[in-house]
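As provided, entry-v2.cif (mmCIF, C-alpha atoms and all ligand atoms) reads as follows.
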```cif
data_work
loop_
_atom_site.group_PDB
_atom_site.id
_atom_site.type_symbol
_atom_site.label_atom_id
_atom_site.label_comp_id
_atom_site.auth_asym_id
_atom_site.auth_seq_id
_atom_site.Cartn_x
_atom_site.Cartn_y
_atom_site.Cartn_z
ATOM 1 C CA MET B 1 17.011 61.424 -44.205
ATOM 2 C CA ARG B 2 19.531 59.886 -46.545
ATOM 3 C CA MET B 3 20.324 56.290 -45.639
ATOM 4 C CA ILE B 4 22.037 53.210 -46.999
ATOM 5 C CA PHE B 5 20.977 49.684 -46.067
ATOM 6 C CA LEU B 6 24.099 47.543 -46.420
ATOM 7 C CA GLY B 7 24.463 43.770 -46.201
ATOM 8 C CA PRO B 8 24.677 40.550 -48.202
ATOM 9 C CA PRO B 9 21.893 39.368 -50.502
ATOM 10 C CA GLY B 10 19.086 37.575 -48.658
ATOM 11 C CA VAL B 11 19.447 39.530 -45.425
ATOM 12 C CA GLY B 12 16.049 41.250 -45.807
ATOM 13 C CA LYS B 13 17.279 44.736 -46.790
ATOM 14 C CA GLY B 14 14.707 45.098 -49.566
ATOM 15 C CA THR B 15 11.719 44.203 -47.400
ATOM 16 C CA HIS B 16 12.844 46.485 -44.579
ATOM 17 C CA ALA B 17 13.812 49.343 -46.890
ATOM 18 C CA GLN B 18 10.272 49.219 -48.276
ATOM 19 C CA GLU B 19 8.693 49.287 -44.804
ATOM 20 C CA ALA B 20 11.012 51.927 -43.356
ATOM 21 C CA GLY B 21 10.533 54.052 -46.475
ATOM 22 C CA GLU B 22 6.763 53.963 -45.983
ATOM 23 C CA HIS B 23 7.193 54.773 -42.289
ATOM 24 C CA TYR B 24 9.306 57.875 -42.957
ATOM 25 C CA GLY B 25 7.604 58.876 -46.223
ATOM 26 C CA ILE B 26 10.753 58.568 -48.343
ATOM 27 C CA PRO B 27 11.387 56.287 -51.341
ATOM 28 C CA LYS B 28 13.247 53.011 -51.244
ATOM 29 C CA ILE B 29 15.695 53.004 -54.124
ATOM 30 C CA SER B 30 16.789 49.539 -55.169
ATOM 31 C CA THR B 31 19.253 49.448 -58.046
ATOM 32 C CA GLY B 32 18.370 45.756 -58.505
ATOM 33 C CA ASP B 33 14.674 46.673 -58.989
ATOM 34 C CA ILE B 34 15.618 49.457 -61.414
ATOM 35 C CA LEU B 35 17.745 47.052 -63.472
ATOM 36 C CA ARG B 36 15.022 44.366 -63.522
ATOM 37 C CA GLU B 37 12.561 46.988 -64.792
ATOM 38 C CA GLU B 38 15.038 48.009 -67.512
ATOM 39 C CA ILE B 39 15.373 44.366 -68.563
ATOM 40 C CA LYS B 40 11.600 44.028 -68.747
ATOM 41 C CA ASN B 41 11.457 47.129 -70.964
ATOM 42 C CA ASP B 42 14.247 45.727 -73.131
ATOM 43 C CA SER B 43 16.183 48.999 -72.840
ATOM 44 C CA GLU B 44 19.859 49.429 -73.748
ATOM 45 C CA LEU B 45 20.792 49.443 -70.039
ATOM 46 C CA GLY B 46 18.683 46.315 -69.459
ATOM 47 C CA LYS B 47 20.401 44.497 -72.312
ATOM 48 C CA LYS B 48 23.836 45.381 -70.960
ATOM 49 C CA ALA B 49 22.967 44.496 -67.350
ATOM 50 C CA GLN B 50 21.248 41.157 -67.868
ATOM 51 C CA GLU B 51 24.329 39.054 -68.495
ATOM 52 C CA TYR B 52 26.114 40.270 -65.339
ATOM 53 C CA MET B 53 23.004 39.787 -63.236
ATOM 54 C CA ASN B 54 22.291 36.264 -64.442
ATOM 55 C CA ALA B 55 25.866 35.270 -63.668
ATOM 56 C CA GLY B 56 25.747 36.684 -60.115
ATOM 57 C CA GLY B 57 28.319 39.402 -60.842
ATOM 58 C CA LEU B 58 28.071 43.186 -60.687
ATOM 59 C CA VAL B 59 26.951 45.560 -63.415
ATOM 60 C CA PRO B 60 29.875 47.909 -64.319
ATOM 61 C CA ASP B 61 30.274 50.902 -62.001
ATOM 62 C CA ASP B 62 29.889 53.614 -64.662
ATOM 63 C CA LEU B 63 26.498 52.265 -65.760
ATOM 64 C CA ILE B 64 25.070 51.897 -62.285
ATOM 65 C CA ILE B 65 26.441 55.207 -60.954
ATOM 66 C CA GLU B 66 24.739 57.134 -63.775
ATOM 67 C CA THR B 67 21.496 55.240 -63.143
ATOM 68 C CA LEU B 68 21.568 56.029 -59.425
ATOM 69 C CA LYS B 69 22.503 59.635 -60.009
ATOM 70 C CA SER B 70 19.529 60.279 -62.245
ATOM 71 C CA ARG B 71 17.167 58.438 -59.855
ATOM 72 C CA ILE B 72 18.098 60.438 -56.754
ATOM 73 C CA SER B 73 17.842 63.729 -58.589
ATOM 74 C CA ARG B 74 14.076 63.196 -58.877
ATOM 75 C CA ASP B 75 11.667 65.296 -56.785
ATOM 76 C CA ASP B 76 10.526 62.452 -54.533
ATOM 77 C CA CYS B 77 14.057 62.323 -53.046
ATOM 78 C CA ILE B 78 14.048 65.865 -51.682
ATOM 79 C CA GLU B 79 13.235 64.678 -48.132
ATOM 80 C CA GLY B 80 15.632 61.766 -48.444
ATOM 81 C CA PHE B 81 15.769 58.122 -49.557
ATOM 82 C CA ILE B 82 16.839 54.641 -48.547
ATOM 83 C CA LEU B 83 19.382 52.988 -50.817
ATOM 84 C CA ASP B 84 19.041 49.212 -51.086
ATOM 85 C CA GLY B 85 21.806 47.507 -53.048
ATOM 86 C CA PHE B 86 23.860 50.634 -53.731
ATOM 87 C CA PRO B 87 26.766 51.249 -53.267
ATOM 88 C CA ARG B 88 28.237 47.809 -53.858
ATOM 89 C CA THR B 89 31.869 48.787 -54.563
ATOM 90 C CA LEU B 90 34.306 51.352 -53.181
ATOM 91 C CA GLU B 91 34.170 53.197 -56.488
ATOM 92 C CA GLN B 92 30.376 53.522 -56.158
ATOM 93 C CA ALA B 93 30.702 54.718 -52.545
ATOM 94 C CA GLU B 94 33.207 57.381 -53.565
ATOM 95 C CA ALA B 95 31.017 58.496 -56.460
ATOM 96 C CA LEU B 96 28.015 58.694 -54.130
ATOM 97 C CA GLU B 97 29.912 61.085 -51.887
ATOM 98 C CA SER B 98 30.125 63.613 -54.659
ATOM 99 C CA ILE B 99 26.406 63.240 -55.450
ATOM 100 C CA SER B 100 24.801 63.259 -51.992
ATOM 101 C CA GLU B 101 25.569 63.449 -48.275
ATOM 102 C CA ILE B 102 24.665 60.195 -46.543
ATOM 103 C CA GLU B 103 23.600 60.472 -42.883
ATOM 104 C CA LEU B 104 23.350 56.842 -41.789
ATOM 105 C CA VAL B 105 24.465 53.397 -42.980
ATOM 106 C CA VAL B 106 22.670 50.420 -41.434
ATOM 107 C CA ASN B 107 24.729 47.238 -41.668
ATOM 108 C CA PHE B 108 22.358 44.229 -41.718
ATOM 109 C CA ASN B 109 23.748 41.050 -40.144
ATOM 110 C CA LEU B 110 22.258 37.560 -40.501
ATOM 111 C CA SER B 111 23.746 34.076 -40.061
ATOM 112 C CA TYR B 112 24.844 32.178 -43.178
ATOM 113 C CA GLY B 113 22.093 29.596 -42.491
ATOM 114 C CA GLY B 114 19.470 32.354 -42.357
ATOM 115 C CA ILE B 115 20.696 33.867 -45.607
ATOM 116 C CA MET B 116 20.675 30.522 -47.432
ATOM 117 C CA GLN B 117 17.180 29.760 -46.153
ATOM 118 C CA ARG B 118 15.827 33.074 -47.403
ATOM 119 C CA LEU B 119 17.614 33.024 -50.757
ATOM 120 C CA GLY B 120 17.111 29.351 -51.620
ATOM 121 C CA GLY B 121 13.623 28.143 -52.409
ATOM 122 C CA ARG B 122 12.223 31.378 -53.838
ATOM 123 C CA LEU B 123 9.681 30.975 -56.624
ATOM 124 C CA THR B 124 8.377 33.713 -58.925
ATOM 125 C CA CYS B 125 5.241 33.772 -61.064
ATOM 126 C CA ARG B 126 6.024 34.028 -64.776
ATOM 127 C CA LYS B 127 3.056 36.275 -65.379
ATOM 128 C CA CYS B 128 2.331 38.542 -62.393
ATOM 129 C CA GLU B 129 5.738 38.156 -60.665
ATOM 130 C CA ALA B 130 4.234 37.321 -57.266
ATOM 131 C CA ILE B 131 6.917 35.803 -55.031
ATOM 132 C CA TYR B 132 6.631 32.589 -53.001
ATOM 133 C CA HIS B 133 8.967 30.502 -50.882
ATOM 134 C CA VAL B 134 8.836 26.715 -50.854
ATOM 135 C CA LYS B 135 9.015 26.644 -47.036
ATOM 136 C CA ASN B 136 8.036 30.067 -45.657
ATOM 137 C CA ASN B 137 5.294 30.998 -48.101
ATOM 138 C CA PRO B 138 4.343 28.079 -50.365
ATOM 139 C CA PRO B 139 1.693 28.411 -53.097
ATOM 140 C CA LYS B 140 -1.616 26.596 -52.438
ATOM 141 C CA ARG B 141 -1.135 24.421 -55.548
ATOM 142 C CA GLU B 142 2.386 23.204 -56.224
ATOM 143 C CA GLY B 143 4.092 25.102 -59.041
ATOM 144 C CA LEU B 144 1.144 27.434 -59.676
ATOM 145 C CA CYS B 145 0.515 31.048 -58.695
ATOM 146 C CA ASP B 146 -2.292 31.613 -56.145
ATOM 147 C CA LEU B 147 -3.205 34.899 -57.812
ATOM 148 C CA CYS B 148 -3.248 34.115 -61.541
ATOM 149 C CA SER B 149 -2.660 30.324 -61.769
ATOM 150 C CA SER B 150 0.360 30.805 -64.032
ATOM 151 C CA GLU B 151 3.518 28.727 -63.781
ATOM 152 C CA LEU B 152 6.055 29.453 -61.021
ATOM 153 C CA TYR B 153 9.784 29.343 -61.792
ATOM 154 C CA VAL B 154 13.162 29.873 -60.119
ATOM 155 C CA ARG B 155 14.646 33.194 -61.269
ATOM 156 C CA GLU B 156 18.036 32.792 -62.973
ATOM 157 C CA ASP B 157 19.895 34.646 -60.195
ATOM 158 C CA GLN B 158 18.130 32.575 -57.509
ATOM 159 C CA LYS B 159 19.524 29.233 -58.681
ATOM 160 C CA PRO B 160 21.866 27.663 -56.071
ATOM 161 C CA GLU B 161 25.074 28.062 -58.096
ATOM 162 C CA VAL B 162 24.340 31.746 -58.838
ATOM 163 C CA ILE B 163 23.416 32.403 -55.184
ATOM 164 C CA GLU B 164 26.860 31.137 -54.230
ATOM 165 C CA THR B 165 28.512 33.484 -56.741
ATOM 166 C CA ARG B 166 26.419 36.441 -55.494
ATOM 167 C CA LEU B 167 27.566 35.793 -51.922
ATOM 168 C CA LYS B 168 31.198 35.581 -53.051
ATOM 169 C CA THR B 169 30.777 38.812 -55.024
ATOM 170 C CA TYR B 170 29.444 40.462 -51.856
ATOM 171 C CA GLU B 171 32.429 39.257 -49.783
ATOM 172 C CA ARG B 172 34.946 40.499 -52.335
ATOM 173 C CA GLU B 173 33.419 43.749 -53.597
ATOM 174 C CA THR B 174 30.913 45.033 -51.045
ATOM 175 C CA LYS B 175 32.076 43.891 -47.599
ATOM 176 C CA PRO B 176 34.998 46.402 -47.595
ATOM 177 C CA LEU B 177 32.335 49.140 -47.449
ATOM 178 C CA ILE B 178 31.651 48.187 -43.815
ATOM 179 C CA ASP B 179 35.087 49.502 -42.821
ATOM 180 C CA TYR B 180 34.807 52.423 -45.204
ATOM 181 C CA TYR B 181 31.626 53.723 -43.538
ATOM 182 C CA ARG B 182 32.679 52.718 -40.018
ATOM 183 C CA LYS B 183 35.754 54.938 -40.348
ATOM 184 C CA LYS B 184 33.478 57.792 -41.354
ATOM 185 C CA ASN B 185 31.382 57.195 -38.223
ATOM 186 C CA LEU B 186 28.266 56.653 -40.284
ATOM 187 C CA LEU B 187 27.747 52.926 -39.729
ATOM 188 C CA VAL B 188 25.544 51.153 -37.196
ATOM 189 C CA ASP B 189 25.322 47.364 -36.944
ATOM 190 C CA PHE B 190 21.910 45.756 -36.998
ATOM 191 C CA ASN B 191 20.930 42.173 -36.135
ATOM 192 C CA ALA B 192 18.405 41.161 -38.818
ATOM 193 C CA GLU B 193 17.552 37.805 -37.209
ATOM 194 C CA GLY B 194 13.882 37.242 -36.333
ATOM 195 C CA GLU B 195 10.310 37.742 -37.530
ATOM 196 C CA VAL B 196 9.793 40.546 -40.062
ATOM 197 C CA LYS B 197 7.507 42.563 -37.756
ATOM 198 C CA ASP B 198 9.901 42.477 -34.777
ATOM 199 C CA VAL B 199 12.900 43.236 -36.968
ATOM 200 C CA SER B 200 11.045 46.215 -38.488
ATOM 201 C CA GLU B 201 10.211 47.660 -35.087
ATOM 202 C CA ARG B 202 13.774 47.332 -33.843
ATOM 203 C CA LEU B 203 15.046 48.889 -37.037
ATOM 204 C CA ILE B 204 12.852 51.998 -36.731
ATOM 205 C CA LYS B 205 14.014 52.459 -33.119
ATOM 206 C CA LEU B 206 17.633 52.169 -34.199
ATOM 207 C CA ILE B 207 17.194 54.718 -36.988
ATOM 208 C CA ASP B 208 15.321 57.154 -34.728
ATOM 209 C CA LYS B 209 18.046 56.886 -32.114
ATOM 210 C CA ASN B 210 20.849 57.470 -34.580
ATOM 211 C CA LEU B 211 19.234 60.271 -36.512
ATOM 212 C CA ASN B 212 17.974 61.981 -33.322
ATOM 213 C CA GLN B 213 14.363 62.023 -34.456
HETATM 214 P P1 LIG J 301 19.675 42.925 -55.975
HETATM 215 O O1 LIG J 301 18.230 42.833 -56.301
HETATM 216 O O2 LIG J 301 20.045 44.163 -55.186
HETATM 217 O O3 LIG J 301 20.247 41.669 -55.336
HETATM 218 O O4 LIG J 301 20.443 43.110 -57.379
HETATM 219 C C1 LIG J 301 20.344 42.116 -58.389
HETATM 220 C C2 LIG J 301 21.563 42.203 -59.304
HETATM 221 O O5 LIG J 301 21.603 43.494 -59.948
HETATM 222 C C3 LIG J 301 22.910 42.078 -58.605
HETATM 223 O O6 LIG J 301 23.272 40.735 -58.393
HETATM 224 C C4 LIG J 301 23.827 42.793 -59.598
HETATM 225 O O7 LIG J 301 24.124 41.979 -60.716
HETATM 226 C C5 LIG J 301 22.945 43.927 -60.096
HETATM 227 N N1 LIG J 301 23.122 45.139 -59.269
HETATM 228 C C6 LIG J 301 22.206 45.724 -58.435
HETATM 229 N N2 LIG J 301 22.717 46.794 -57.824
HETATM 230 C C7 LIG J 301 23.996 46.919 -58.268
HETATM 231 C C8 LIG J 301 25.060 47.818 -57.988
HETATM 232 N N3 LIG J 301 24.919 48.823 -57.111
HETATM 233 N N4 LIG J 301 26.234 47.626 -58.644
HETATM 234 C C9 LIG J 301 26.398 46.642 -59.530
HETATM 235 N N5 LIG J 301 25.451 45.746 -59.815
HETATM 236 C C10 LIG J 301 24.251 45.857 -59.204
#
```
This entry written out as C-alpha cells:
Amino acid sequence: MRMIFLGPPGVGKGTHAQEAGEHYGIPKISTGDILREEIKNDSELGKKAQEYMNAGGLVPDDLIIETLKSRISRDDCIEGFILDGFPRTLEQAEALESISEIELVVNFNLSYGGIMQRLGGRLTCRKCEAIYHVKNNPPKREGLCDLCSSELYVREDQKPEVIETRLKTYERETKPLIDYYRKKNLLVDFNAEGEVKDVSERLIKLIDKNLNQ
C-alpha cells in the first residue's frame, strides 16, 4: 500500500496520514517532520533546511530526495507507507518513480477559509511541543502549556506572512502534480471539509474502494 497524500498546507493531510497509517499498519512519512527533527538535532541537513523552511520556501530537491529515499528503504516500509508532504515538485515526483511504485494519490481539497482557519492561530509549547489552536483547541491558561506550563509561541513558519508564502509556493511548485498524477490515473479527489472523525471515516472508505481492499 504505497500512497501519497497531496494538498496545500493546512488541509489536514498530516493528521489523516497518521490515522490512516495506524489503521492500515503502515508508517506515515512526513518530510516536514523529518526536517524538523534534523533541525532539533542540529545536523548538517537541519542547518541547510532551516532557512528555506522559515521563509516558507522549499528545501532543494537533491537534499529532500536523498532523505526520502533513505527513509523508505527502511524495513517498516515493506508493506507500504503514506507520504505526507512529498513529492512537492515535478522533479521529486519523477525521482520517486524510479525509487518506488505508487498505487494511489489522494488529493485533499479544502476551502481557502478552512485552510486559513487551520493554519492561523496555531500555538506550540517551547518545551514539550504540544500543539494548541487559539480557537479550536485553546490552552486552559492563556499563553501557557496545559501539560508542562511552559510558554507557548507561534512557530516561525506559522506566522501570517510565512503562511501566505507557503500557500503561494504550493500553487506554483506542487499544484502541477495534480495533473501529473491524474494523467497517470493514480489520483482521486477527496473533500477534506468537516469534523476530523467523519473525514477519517470517509477517507478510509475511499482508499479501500480505490485499492480494492
Ligand atoms: P510541512 O510540515 O510538510 O508543511 O513541511 C514544512 C516545511 O519543510 C516546508 O514548508 C518546506 O520548507 C520543507 N519541506 C517539507 N517537505 C518538503 C519537500 N518534499 N520538498 C521541499 N521542502 C520540503
Neighbouring residues of ligand LIG 301 (chain J) are defined here as those with any atom at most 7 Å from a ligand atom, counting all atoms listed in the file; list them as number ranges by chain. B: 9, 30-33, 35, 52-53, 56-61, 64, 84-88, 166
For the file shown, what are the residues hit by the PyMOL selection byres (((chain B and resi 65-75) around 12) and not hetatm), laid out as a PyMOL selection string? chain B and resi 2+26-35+38+45-46+49+59-64+76-101
Need to verify the contact set: Asn136 of chain B, 10 Å, all atoms listed in the file, exclusion of same-chain residues closer than 4 positions in sequence. Can you return it as an mmCIF file with C-alpha atoms, in the coordinates of the input?
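File written: out-v4.cif
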```cif
data_model
loop_
_atom_site.group_PDB
_atom_site.id
_atom_site.type_symbol
_atom_site.label_atom_id
_atom_site.label_comp_id
_atom_site.auth_asym_id
_atom_site.auth_seq_id
_atom_site.Cartn_x
_atom_site.Cartn_y
_atom_site.Cartn_z
ATOM 1 C CA GLN B 117 17.180 29.760 -46.153
ATOM 2 C CA ARG B 118 15.827 33.074 -47.403
ATOM 3 C CA GLY B 121 13.623 28.143 -52.409
ATOM 4 C CA ARG B 122 12.223 31.378 -53.838
ATOM 5 C CA TYR B 132 6.631 32.589 -53.001
#
```
Grab the atom CA of Pro139 of chain B to atom CA of Thr15 of chain B distance for me, in Å with one decimal place.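 For atom CA of Pro139 of chain B relative to atom CA of Thr15 of chain B, the distance reads 19.6 Å.
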note - atom CA of Arg126 of chain B and atom CA of Glu151 of chain B are separated by 5.9 Å
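Using all atoms listed in the file, the residues found no farther than 10 Å from Phe190 of chain B, other than those of its own chain fewer than 6 positions away, are B:Phe5, B:Leu6, B:Gly7, B:Val106, B:Asn107, B:Phe108, B:Asn109, B:Leu110, B:Val199, B:Arg202, B:Leu203, B:Leu206.
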To test the calculation: enclose all listed atoms of segment 201-210 of chain B in a box whose edges run along x, y and z, add 6 Å on each side, then state centre and edge lengths in Å to one decimal, as lines of an AutoDock Vina configuration file.
```
center_x = 15.5
center_y = 52.4
center_z = -34.6
size_x = 22.6
size_y = 22.1
size_z = 16.9
```
Just the number, please: distance in Å from atom CA of Leu186 of chain B to atom CA of Met116 of chain B, one decimal.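 Between these atoms lies a distance of 28.1 Å.
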